[in-house]
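S.K.: Quick one: structure below, then a few questions.
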Amino acid sequence: MTLTFKYKKIERPAPLPPTLYPIIPVTLKGNKKHLDVLALLDSGADFTAIPKGIAEYIGIDLSRKPEIIVGVGGKIHAIPSKVNINVQHGHENYSISAEVRVMDVDDKFPVLIGRKDFFEKFDITFKEKEKRVILKKVS
Amino acid sequence: MKSYDFFMKADVEPYIDEWIAIADDKIVSHGKNVKEVLKDAEKKHPGKKFLVTRVPGKETMIL
């Protein structure tokens, strides 16, 4: 009933210190294809967000009117849509239909797993000191 | 998942701020544009399954 993932340590050019990211492997399923991606768990994001390039590749509906979304970096346009997110680790395997926002910003952001739908399906614990994140399926 | 295990151990500093496509235990394509990375990876390894991610790095992220 639980999935545990270690944080990924990324070394950076000096003098920048290394950073740690709660990245988890998921499969995004669209109408045309599915794609395995490493996505950043983002408890501050209202929705899951994916770059337009990935949305086009897997074939998700991009016909809805873009809306403005706001982050600390400013405002961008994003298209509301739906995607299926599959998360698997060991013998555990879960599939979640999630609302997404497709970001058209030159692929400058990773896939972000936000709260709507995904965080509602799991109790998610960030263990900063232990450098791991635990997902426990909500029954 | 072999590609995930590889990523977790790999030094990805050379690919900071780029998208990478991993097949098994190697990075088969990388670049700034994710669609081009996927196209290149499929061309090099037709029919292969890829694990794709963007390597964060130079800029601190506050999303």
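Residues are referred to by chain and number: the chain letter is A, B, ... according to the order shown in the structure tokens, the number counts from 1 in that chain, and ligands are numbered separately from 1 in the order shown.
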Check which residues of chain A sit at most 10 Å from chain B using only C-alpha atoms, and return one row each with the closest pair of atoms and their distance in Å to one decimal, ordered by chain and rising number, as a Markdown table.
M.R.:
```
| residue | atom | partner | partner_atom | distance |
| --- | --- | --- | --- | --- |
| A:Lys6 | CA | B:Met8 | CA | 8.3 |
| A:Tyr7 | CA | B:Met8 | CA | 8.4 |
| A:Lys8 | CA | B:Met8 | CA | 6.1 |
| A:Lys9 | CA | B:Met8 | CA | 8.1 |
| A:Ile10 | CA | B:Glu13 | CA | 6.6 |
| A:Glu11 | CA | B:Glu13 | CA | 5.6 |
| A:Arg12 | CA | B:Glu13 | CA | 6.0 |
| A:Pro13 | CA | B:Lys58 | CA | 7.6 |
| A:Leu16 | CA | B:Lys58 | CA | 7.8 |
| A:Pro17 | CA | B:Gly57 | CA | 9.9 |
| A:Pro18 | CA | B:Gly57 | CA | 8.5 |
| A:Thr19 | CA | B:Gly57 | CA | 7.6 |
| A:Leu20 | CA | B:Pro56 | CA | 9.9 |
| A:Tyr21 | CA | B:Pro56 | CA | 8.8 |
| A:Ile23 | CA | B:Thr53 | CA | 9.6 |
| A:Ile24 | CA | B:Tyr4 | CA | 9.0 |
| A:Pro25 | CA | B:Tyr4 | CA | 7.1 |
| A:Val26 | CA | B:Leu51 | CA | 9.3 |
| A:Thr27 | CA | B:Leu51 | CA | 9.0 |
| A:His34 | CA | B:Lys49 | CA | 9.7 |
| A:Leu35 | CA | B:Leu51 | CA | 7.3 |
| A:Asp36 | CA | B:Leu51 | CA | 4.8 |
| A:Val37 | CA | B:Val52 | CA | 4.6 |
| A:Leu38 | CA | B:Thr53 | CA | 5.2 |
| A:Ala39 | CA | B:Thr53 | CA | 7.2 |
| A:Leu40 | CA | B:Thr53 | CA | 9.5 |
| A:Asp42 | CA | B:Leu63 | CA | 8.1 |
| A:Ser43 | CA | B:Leu63 | CA | 10.0 |
| A:Gly44 | CA | B:Leu63 | CA | 7.5 |
| A:Ala45 | CA | B:Leu63 | CA | 7.6 |
| A:Pro51 | CA | B:Val34 | CA | 8.5 |
| A:Lys52 | CA | B:Lys35 | CA | 9.1 |
| A:Gly53 | CA | B:Lys35 | CA | 5.3 |
| A:Ile54 | CA | B:Lys35 | CA | 6.8 |
| A:Ala55 | CA | B:Lys35 | CA | 9.7 |
| A:Glu56 | CA | B:Lys35 | CA | 8.4 |
| A:Tyr57 | CA | B:Lys35 | CA | 7.0 |
| A:Val70 | CA | B:Leu63 | CA | 9.5 |
| A:Gly71 | CA | B:Leu63 | CA | 6.0 |
| A:Val72 | CA | B:Leu63 | CA | 6.1 |
| A:Gly73 | CA | B:Leu63 | CA | 7.3 |
| A:Gly74 | CA | B:Leu63 | CA | 9.9 |
| A:Gln88 | CA | B:Met1 | CA | 9.4 |
| A:His89 | CA | B:Met1 | CA | 8.3 |
| A:Gly90 | CA | B:Met1 | CA | 8.8 |
| A:Asp106 | CA | B:Asn33 | CA | 7.3 |
| A:Asp107 | CA | B:Asn33 | CA | 6.3 |
| A:Lys108 | CA | B:Asp17 | CA | 7.7 |
| A:Phe109 | CA | B:Arg54 | CA | 7.3 |
| A:Pro110 | CA | B:Arg54 | CA | 5.2 |
| A:Val111 | CA | B:Thr53 | CA | 7.7 |
| A:Leu112 | CA | B:Leu63 | CA | 9.5 |
```
S.K.: Please write the residues from the selection above to a file, keeping C-alpha atoms, as a PDB file, in the first residue's frame.
M.R.:
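Contents of selection_35.pdb, as written:
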```
ATOM      1  CA  LYS A   6      14.528   8.374  -2.863  1.00  0.00           C
ATOM      2  CA  TYR A   7      15.271  12.000  -3.664  1.00  0.00           C
ATOM      3  CA  LYS A   8      17.593  12.524  -6.623  1.00  0.00           C
ATOM      4  CA  LYS A   9      20.765  14.454  -5.879  1.00  0.00           C
ATOM      5  CA  ILE A  10      21.856  16.684  -8.745  1.00  0.00           C
ATOM      6  CA  GLU A  11      25.395  18.007  -8.720  1.00  0.00           C
ATOM      7  CA  ARG A  12      25.719  21.537 -10.050  1.00  0.00           C
ATOM      8  CA  PRO A  13      28.664  23.550 -11.385  1.00  0.00           C
ATOM      9  CA  LEU A  16      26.500  26.074  -6.628  1.00  0.00           C
ATOM     10  CA  PRO A  17      25.731  23.407  -4.029  1.00  0.00           C
ATOM     11  CA  PRO A  18      24.090  20.115  -5.060  1.00  0.00           C
ATOM     12  CA  THR A  19      20.324  20.028  -4.869  1.00  0.00           C
ATOM     13  CA  LEU A  20      17.867  17.275  -3.968  1.00  0.00           C
ATOM     14  CA  TYR A  21      14.592  16.672  -5.756  1.00  0.00           C
ATOM     15  CA  ILE A  23      11.326  12.966  -8.379  1.00  0.00           C
ATOM     16  CA  ILE A  24       9.167   9.908  -9.039  1.00  0.00           C
ATOM     17  CA  PRO A  25       8.768   7.683 -12.109  1.00  0.00           C
ATOM     18  CA  VAL A  26       5.313   7.751 -13.681  1.00  0.00           C
ATOM     19  CA  THR A  27       3.785   6.779 -16.998  1.00  0.00           C
ATOM     20  CA  HIS A  34       2.235   6.513 -23.355  1.00  0.00           C
ATOM     21  CA  LEU A  35       5.533   7.781 -22.042  1.00  0.00           C
ATOM     22  CA  ASP A  36       7.611   7.013 -18.969  1.00  0.00           C
ATOM     23  CA  VAL A  37       8.739  10.225 -17.317  1.00  0.00           C
ATOM     24  CA  LEU A  38      10.399  11.318 -14.109  1.00  0.00           C
ATOM     25  CA  ALA A  39       8.148  13.911 -12.538  1.00  0.00           C
ATOM     26  CA  LEU A  40       8.683  16.365  -9.712  1.00  0.00           C
ATOM     27  CA  ASP A  42       5.021  19.667  -6.269  1.00  0.00           C
ATOM     28  CA  SER A  43       2.705  20.149  -3.314  1.00  0.00           C
ATOM     29  CA  GLY A  44       2.468  23.851  -4.154  1.00  0.00           C
ATOM     30  CA  ALA A  45       0.982  23.218  -7.585  1.00  0.00           C
ATOM     31  CA  PRO A  51       5.104  20.700 -21.252  1.00  0.00           C
ATOM     32  CA  LYS A  52       3.274  21.029 -24.565  1.00  0.00           C
ATOM     33  CA  GLY A  53       5.896  18.891 -26.318  1.00  0.00           C
ATOM     34  CA  ILE A  54       5.025  15.881 -24.167  1.00  0.00           C
ATOM     35  CA  ALA A  55       1.277  16.549 -24.442  1.00  0.00           C
ATOM     36  CA  GLU A  56       1.539  16.517 -28.248  1.00  0.00           C
ATOM     37  CA  TYR A  57       3.719  13.401 -28.224  1.00  0.00           C
ATOM     38  CA  VAL A  70       0.270  32.119 -12.029  1.00  0.00           C
ATOM     39  CA  GLY A  71       3.539  31.110 -10.399  1.00  0.00           C
ATOM     40  CA  VAL A  72       6.249  33.028  -8.608  1.00  0.00           C
ATOM     41  CA  GLY A  73       7.891  33.541 -12.013  1.00  0.00           C
ATOM     42  CA  GLY A  74       4.847  35.289 -13.409  1.00  0.00           C
ATOM     43  CA  GLN A  88       4.368   1.820 -10.112  1.00  0.00           C
ATOM     44  CA  HIS A  89       7.046   0.589  -7.746  1.00  0.00           C
ATOM     45  CA  GLY A  90       7.715  -3.041  -7.002  1.00  0.00           C
ATOM     46  CA  ASP A 106       9.607  26.204 -24.426  1.00  0.00           C
ATOM     47  CA  ASP A 107       9.971  23.032 -22.376  1.00  0.00           C
ATOM     48  CA  LYS A 108      11.679  24.929 -19.556  1.00  0.00           C
ATOM     49  CA  PHE A 109       9.866  23.083 -16.777  1.00  0.00           C
ATOM     50  CA  PRO A 110       9.862  19.414 -15.833  1.00  0.00           C
ATOM     51  CA  VAL A 111       6.656  17.429 -15.527  1.00  0.00           C
ATOM     52  CA  LEU A 112       5.096  18.555 -12.242  1.00  0.00           C
TER      53      LEU A 112
END
```
S.K.: Just the strand (DSSP E) stuff from chain B, please, per backbone DSSP, written as a ChimeraX atom specification.
M.R.: /B:19-23,26-31,51-54
S.K.: Have a look at CA of Tyr94 in chain A and CA of Val138 in chain A and let me know their distance in Å, one decimal.
M.R.: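 Distance reported for this atom pair: 11.3 Å.
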S.K.: Neighbours of Ile79 in chain A within 10 Å (only C-alpha atoms; same-chain residues fewer than 4 positions away dropped), as number ranges by chain?
M.R.: A: 49-50, 52, 61-69, 100-104
S.K.: Could you write out the selected residues, including N, CA and C atoms, as a PDB file, in the first residue's frame?
M.R.:
```pdb
ATOM      1  N   ALA A  49       1.172  19.569 -14.184  1.00  0.00           N
ATOM      2  CA  ALA A  49       1.501  20.401 -15.337  1.00  0.00           C
ATOM      3  C   ALA A  49       2.517  19.678 -16.213  1.00  0.00           C
ATOM      4  N   ILE A  50       2.257  19.684 -17.509  1.00  0.00           N
ATOM      5  CA  ILE A  50       3.194  19.030 -18.424  1.00  0.00           C
ATOM      6  C   ILE A  50       3.524  19.968 -19.583  1.00  0.00           C
ATOM      7  N   LYS A  52       4.076  21.268 -23.364  1.00  0.00           N
ATOM      8  CA  LYS A  52       3.274  21.029 -24.565  1.00  0.00           C
ATOM      9  C   LYS A  52       3.893  19.934 -25.445  1.00  0.00           C
ATOM     10  N   ASP A  61      -5.909  15.822 -25.485  1.00  0.00           N
ATOM     11  CA  ASP A  61      -6.783  16.838 -26.073  1.00  0.00           C
ATOM     12  C   ASP A  61      -6.266  18.244 -25.756  1.00  0.00           C
ATOM     13  N   LEU A  62      -5.991  19.013 -26.811  1.00  0.00           N
ATOM     14  CA  LEU A  62      -5.501  20.380 -26.618  1.00  0.00           C
ATOM     15  C   LEU A  62      -6.476  21.400 -27.216  1.00  0.00           C
ATOM     16  N   SER A  63      -7.755  21.014 -27.260  1.00  0.00           N
ATOM     17  CA  SER A  63      -8.737  21.860 -27.933  1.00  0.00           C
ATOM     18  C   SER A  63      -9.360  22.922 -27.019  1.00  0.00           C
ATOM     19  N   ARG A  64      -9.172  22.784 -25.724  1.00  0.00           N
ATOM     20  CA  ARG A  64      -9.813  23.744 -24.823  1.00  0.00           C
ATOM     21  C   ARG A  64      -9.083  25.088 -24.820  1.00  0.00           C
ATOM     22  N   LYS A  65      -9.831  26.095 -24.409  1.00  0.00           N
ATOM     23  CA  LYS A  65      -9.281  27.457 -24.402  1.00  0.00           C
ATOM     24  C   LYS A  65      -8.193  27.584 -23.333  1.00  0.00           C
ATOM     25  N   PRO A  66      -7.030  28.145 -23.705  1.00  0.00           N
ATOM     26  CA  PRO A  66      -5.978  28.322 -22.689  1.00  0.00           C
ATOM     27  C   PRO A  66      -6.433  29.242 -21.565  1.00  0.00           C
ATOM     28  N   GLU A  67      -5.894  29.015 -20.398  1.00  0.00           N
ATOM     29  CA  GLU A  67      -6.168  29.900 -19.268  1.00  0.00           C
ATOM     30  C   GLU A  67      -4.837  30.400 -18.724  1.00  0.00           C
ATOM     31  N   ILE A  68      -4.921  31.443 -17.951  1.00  0.00           N
ATOM     32  CA  ILE A  68      -3.690  31.996 -17.374  1.00  0.00           C
ATOM     33  C   ILE A  68      -3.428  31.318 -16.037  1.00  0.00           C
ATOM     34  N   ILE A  69      -2.207  30.831 -15.868  1.00  0.00           N
ATOM     35  CA  ILE A  69      -1.836  30.294 -14.561  1.00  0.00           C
ATOM     36  C   ILE A  69      -0.700  31.146 -13.994  1.00  0.00           C
ATOM     37  N   VAL A 100      -4.953  18.186 -15.959  1.00  0.00           N
ATOM     38  CA  VAL A 100      -3.617  18.756 -16.147  1.00  0.00           C
ATOM     39  C   VAL A 100      -3.714  20.139 -16.757  1.00  0.00           C
ATOM     40  N   ARG A 101      -2.638  20.844 -16.667  1.00  0.00           N
ATOM     41  CA  ARG A 101      -2.470  22.083 -17.407  1.00  0.00           C
ATOM     42  C   ARG A 101      -1.244  21.898 -18.297  1.00  0.00           C
ATOM     43  N   VAL A 102      -1.461  22.134 -19.579  1.00  0.00           N
ATOM     44  CA  VAL A 102      -0.374  21.960 -20.558  1.00  0.00           C
ATOM     45  C   VAL A 102       0.301  23.313 -20.755  1.00  0.00           C
ATOM     46  N   MET A 103       1.584  23.364 -20.418  1.00  0.00           N
ATOM     47  CA  MET A 103       2.319  24.636 -20.421  1.00  0.00           C
ATOM     48  C   MET A 103       3.053  24.826 -21.742  1.00  0.00           C
ATOM     49  N   ASP A 104       2.863  25.991 -22.310  1.00  0.00           N
ATOM     50  CA  ASP A 104       3.520  26.279 -23.581  1.00  0.00           C
ATOM     51  C   ASP A 104       4.662  27.262 -23.332  1.00  0.00           C
TER      52      ASP A 104
END
```
S.K.: What separation in Å, quoted to one decimal, exists between CA of Asp46 in chain A and CA of Lys131 in chain A?
M.R.: 23.6 Å
S.K.: So how far away is CA of Asn86 in chain A from CA of Phe5 in chain A, in Å?
M.R.: 14.9 Å
S.K.: Could you write out, as a VMD selection string, all the residues of chain B that DSSP marks as alpha helix (DSSP H)?
M.R.: chain B and resid 2 to 9 34 to 44
S.K.: Using only C-alpha atoms, pick whichever of A:Ile76, A:Ile96, A:Ala14, A:Val105 has the shortest atom-to-atom distance to Lys121 in chain A.
M.R.: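 Smallest distance to Lys121 in chain A is found for A:Ile96.
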